[in-house]
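Notes follow once the structure below has been shown.
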There are 2 protein chains.
Amino acid sequence: MARAEYPEAVGALVGELKRLPGVGPRSAERIAIWLLQHPRAEPLALAEALHAAKETVISCEVCGFFATRESCGICDDPKRDAAVLCVVEQATDVLPLERSGAFKGRYHCLGGKLSPLDRVSPEDLRIPALISRIDAARDIEVILALGADVEGEATSNYLADLLRGKDCRITRIAQGLPAGGGLDHADELTLMRALEGRRAF
Amino acid sequence: MARAEYPEAVGALVGELKRLPGVGPRSAERIAIWLLQHPRAEPLALAEALHAAKETVISCEVCGFFATRESCGICDDPKRDAAVLCVVEQATDVLPLERSGAFKGRYHCLGGKLSPLDRVSPEDLRIPALISRIDAARDIEVILALGADVEGEATSNYLADLLRGKDCRITRIAQGLPAGGGLDHADELTLMRALEGRRAF
């Protein structure tokens, strides 16, 4: 007697789903079964969306955010302030900043952060493109909006060193208490940074 | 200034991913971005797997497990014992039982369990097909292998009532301590069932 297995096509689908970030073998199986059995599942619509996204979406050559072949929603917007450039790690960091409503300038996505452990060195980031943008502009403000983790800090320091002497002001986003967070839940490092960064009231 | 958004095709992909079970809005965004940006991502392979699975995989009309249009790996296996029929809730319950290696018979997937709250009544389950199979056989053993939750119990009781008087023996899988579990971690109901189901040593 052969031990029963899913048909090959199900196995292949589970295999592809398992490769997605945050999807383990169990979830992959659960999703595959759902896609094939649930009346509201639309596997072909998902397949179509994958095709369409793969075909039409590219990285903007200027800012690194998602763009279509025709245009980049950020770089092509004349209402954005060309005198402020916000440097972020990933294209996915742009929308959270946009949702805050506090930034009206342009972005530059590095495509990662320096991390020797993951073998990410300066050559792997979009740093030359950043320098050309700064060189091409005059007296702009470069806001470093990288993460507050070790690699983010290292990347910020590296960029600050690199940009010193250029015709730009370098700032960085504040570190401190998160909104809604009490002092009792903040760790020592956060409180230290919050104290260091205190402002006149 | 328009607030930046992902290109439409990315939004559509996130929308489809968000519909998958266990994938929330954040994970959907994360998966979509990974699919579009990661060098090892293969969105078109996933799309292809979805197409292939949707096109080739069906539910076996006899047992309800996954089958291709040509054959059902379980029903078409002549080495399986036709005198034992294991009734499970879902097609996904078959592989765990197969992996246990303790069952060599055939299966019948009900496609769910009785659950008035979710409006699942006997008509929604593959019960007529089960009765035809039992009527067509002689002196078979029907093993009820449904879950040990309230709905699983209700479904087992309903089926036991329905099958009484037919030419079949009805059994159910044991409830008790899970393998590797100590008494200190077992709840009262599990211990009660374990005591009730005690066997000669």
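Every chain in the structure tokens takes a letter, A first, then B, and so on in the order presented; its residues are numbered from 1, and the ligands are numbered from 1 following the presented order.
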Could you list, as number ranges by chain, every residue of chain A that has an atom within 7 Å of an atom of chain B, counting only C-alpha atoms?
A: 1, 3-7, 9-10, 12-13, 16, 20-21, 31, 36, 43-44, 46-47, 49-54, 66-68, 73-74, 77, 79-80, 95, 98
I need the chosen residues saved as a compact mmCIF listing (two decimals), in the first residue's frame, with N, CA, C and O atoms.
```txt
# COMPACT_ATOMS: atom_id res chain seq x y z
N MET A 1 0.85 -1.21 0.00
CA MET A 1 0.00 0.00 0.00
C MET A 1 0.88 1.25 0.00
O MET A 1 1.77 1.39 0.83
N ARG A 3 1.62 5.02 0.84
CA ARG A 3 1.09 6.00 1.78
C ARG A 3 0.48 7.14 0.97
O ARG A 3 1.10 7.64 0.03
N ALA A 4 -0.75 7.54 1.33
CA ALA A 4 -1.42 8.58 0.56
C ALA A 4 -0.67 9.90 0.66
O ALA A 4 -0.16 10.25 1.71
N GLU A 5 -0.57 10.60 -0.43
CA GLU A 5 0.03 11.92 -0.46
C GLU A 5 -0.89 12.84 -1.28
O GLU A 5 -1.72 12.36 -2.04
N TYR A 6 -0.70 14.13 -1.11
CA TYR A 6 -1.45 15.06 -1.95
C TYR A 6 -1.00 14.86 -3.39
O TYR A 6 0.14 14.49 -3.64
N PRO A 7 -1.89 15.14 -4.35
CA PRO A 7 -1.45 15.11 -5.75
C PRO A 7 -0.26 16.07 -5.92
O PRO A 7 -0.12 17.03 -5.17
N ALA A 9 0.51 18.45 -7.89
CA ALA A 9 0.26 19.88 -8.08
C ALA A 9 0.03 20.57 -6.74
O ALA A 9 0.40 21.73 -6.55
N VAL A 10 -0.59 19.87 -5.78
CA VAL A 10 -0.80 20.45 -4.46
C VAL A 10 0.55 20.59 -3.75
O VAL A 10 0.85 21.62 -3.16
N ALA A 12 3.42 20.95 -5.12
CA ALA A 12 4.19 22.02 -5.74
C ALA A 12 3.70 23.38 -5.23
O ALA A 12 4.51 24.29 -4.96
N LEU A 13 2.38 23.52 -5.08
CA LEU A 13 1.82 24.78 -4.59
C LEU A 13 2.27 25.02 -3.15
O LEU A 13 2.70 26.13 -2.79
N GLU A 16 5.82 26.27 -3.12
CA GLU A 16 5.98 27.69 -3.47
C GLU A 16 5.53 28.58 -2.32
O GLU A 16 6.15 29.60 -2.03
N LEU A 20 7.46 31.78 0.99
CA LEU A 20 7.11 33.16 1.34
C LEU A 20 7.56 33.48 2.76
O LEU A 20 7.56 32.60 3.62
N PRO A 21 7.92 34.74 3.03
CA PRO A 21 8.39 35.08 4.38
C PRO A 21 7.25 34.95 5.38
O PRO A 21 6.13 35.38 5.11
N ILE A 31 -2.93 27.14 3.63
CA ILE A 31 -3.30 28.11 2.60
C ILE A 31 -3.60 27.39 1.28
O ILE A 31 -4.57 27.71 0.60
N LEU A 36 -7.68 25.78 -2.70
CA LEU A 36 -8.28 24.79 -3.60
C LEU A 36 -9.69 24.42 -3.21
O LEU A 36 -10.46 23.93 -4.02
N PRO A 43 -7.83 31.36 -6.48
CA PRO A 43 -6.40 31.17 -6.78
C PRO A 43 -5.98 31.80 -8.10
O PRO A 43 -4.86 32.30 -8.21
N LEU A 44 -6.89 31.83 -9.07
CA LEU A 44 -6.50 32.39 -10.36
C LEU A 44 -6.39 33.91 -10.29
O LEU A 44 -5.57 34.51 -10.99
N LEU A 46 -5.30 35.45 -7.66
CA LEU A 46 -3.99 35.66 -7.04
C LEU A 46 -2.89 35.48 -8.08
O LEU A 46 -1.95 36.29 -8.15
N ALA A 47 -3.03 34.45 -8.90
CA ALA A 47 -2.03 34.21 -9.95
C ALA A 47 -1.96 35.41 -10.89
O ALA A 47 -0.88 35.88 -11.27
N ALA A 49 -2.82 38.54 -10.18
CA ALA A 49 -2.24 39.69 -9.48
C ALA A 49 -0.72 39.57 -9.43
O ALA A 49 0.00 40.57 -9.55
N LEU A 50 -0.21 38.35 -9.27
CA LEU A 50 1.24 38.13 -9.26
C LEU A 50 1.84 38.50 -10.61
O LEU A 50 2.84 39.21 -10.70
N HIS A 51 1.17 38.04 -11.67
CA HIS A 51 1.64 38.35 -13.01
C HIS A 51 1.66 39.86 -13.25
O HIS A 51 2.65 40.43 -13.70
N ALA A 52 0.52 40.50 -12.93
CA ALA A 52 0.38 41.93 -13.20
C ALA A 52 1.42 42.73 -12.43
O ALA A 52 2.07 43.63 -12.98
N ALA A 53 1.60 42.38 -11.14
CA ALA A 53 2.56 43.13 -10.33
C ALA A 53 3.97 42.92 -10.86
O ALA A 53 4.74 43.87 -10.99
N LYS A 54 4.30 41.67 -11.18
CA LYS A 54 5.64 41.37 -11.68
C LYS A 54 5.91 42.12 -12.98
O LYS A 54 7.02 42.58 -13.23
N PHE A 66 8.70 51.89 -5.22
CA PHE A 66 8.00 51.17 -6.27
C PHE A 66 7.44 52.14 -7.29
O PHE A 66 6.88 53.16 -6.94
N ALA A 67 7.59 51.79 -8.54
CA ALA A 67 7.09 52.66 -9.60
C ALA A 67 6.59 51.79 -10.73
O ALA A 67 6.88 50.59 -10.78
N THR A 68 5.80 52.36 -11.61
CA THR A 68 5.45 51.64 -12.83
C THR A 68 6.46 52.08 -13.89
O THR A 68 7.22 53.02 -13.68
N GLY A 73 5.38 57.73 -8.53
CA GLY A 73 4.42 58.61 -7.86
C GLY A 73 5.08 59.68 -7.01
O GLY A 73 4.52 60.75 -6.78
N ILE A 74 6.28 59.40 -6.53
CA ILE A 74 6.95 60.36 -5.66
C ILE A 74 7.82 61.33 -6.46
O ILE A 74 7.67 62.54 -6.37
N ASP A 77 6.04 63.93 -8.66
CA ASP A 77 5.06 64.83 -8.05
C ASP A 77 5.70 66.21 -7.87
O ASP A 77 6.56 66.39 -7.00
N LYS A 79 4.64 68.83 -6.54
CA LYS A 79 4.30 69.52 -5.30
C LYS A 79 5.21 69.14 -4.13
O LYS A 79 5.13 69.72 -3.06
N ARG A 80 6.03 68.10 -4.34
CA ARG A 80 6.91 67.69 -3.25
C ARG A 80 8.13 68.61 -3.16
O ARG A 80 8.67 69.02 -4.18
N LEU A 95 5.91 54.26 3.05
CA LEU A 95 4.49 54.47 3.35
C LEU A 95 4.22 54.79 4.82
O LEU A 95 3.40 55.67 5.09
N GLU A 98 4.83 58.39 5.05
CA GLU A 98 3.77 59.12 4.35
C GLU A 98 2.50 59.19 5.20
O GLU A 98 1.85 60.22 5.28
```
Which residues in region 30-96 of chain A does DSSP call helix (DSSP H, G or I)? List them as a ChimeraX atom specification.
/A:30-37,43-56,91-96
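Closest approach to Ser115 (chain A) among A:Ala154, A:Ala194, A:Leu162, A:Cys168: A:Ala154, based on only C-alpha atoms.
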Separation of CA of Tyr107 (chain A) from CA of Leu189 (chain A), in Å and rounded to one decimal:
28.1 Å
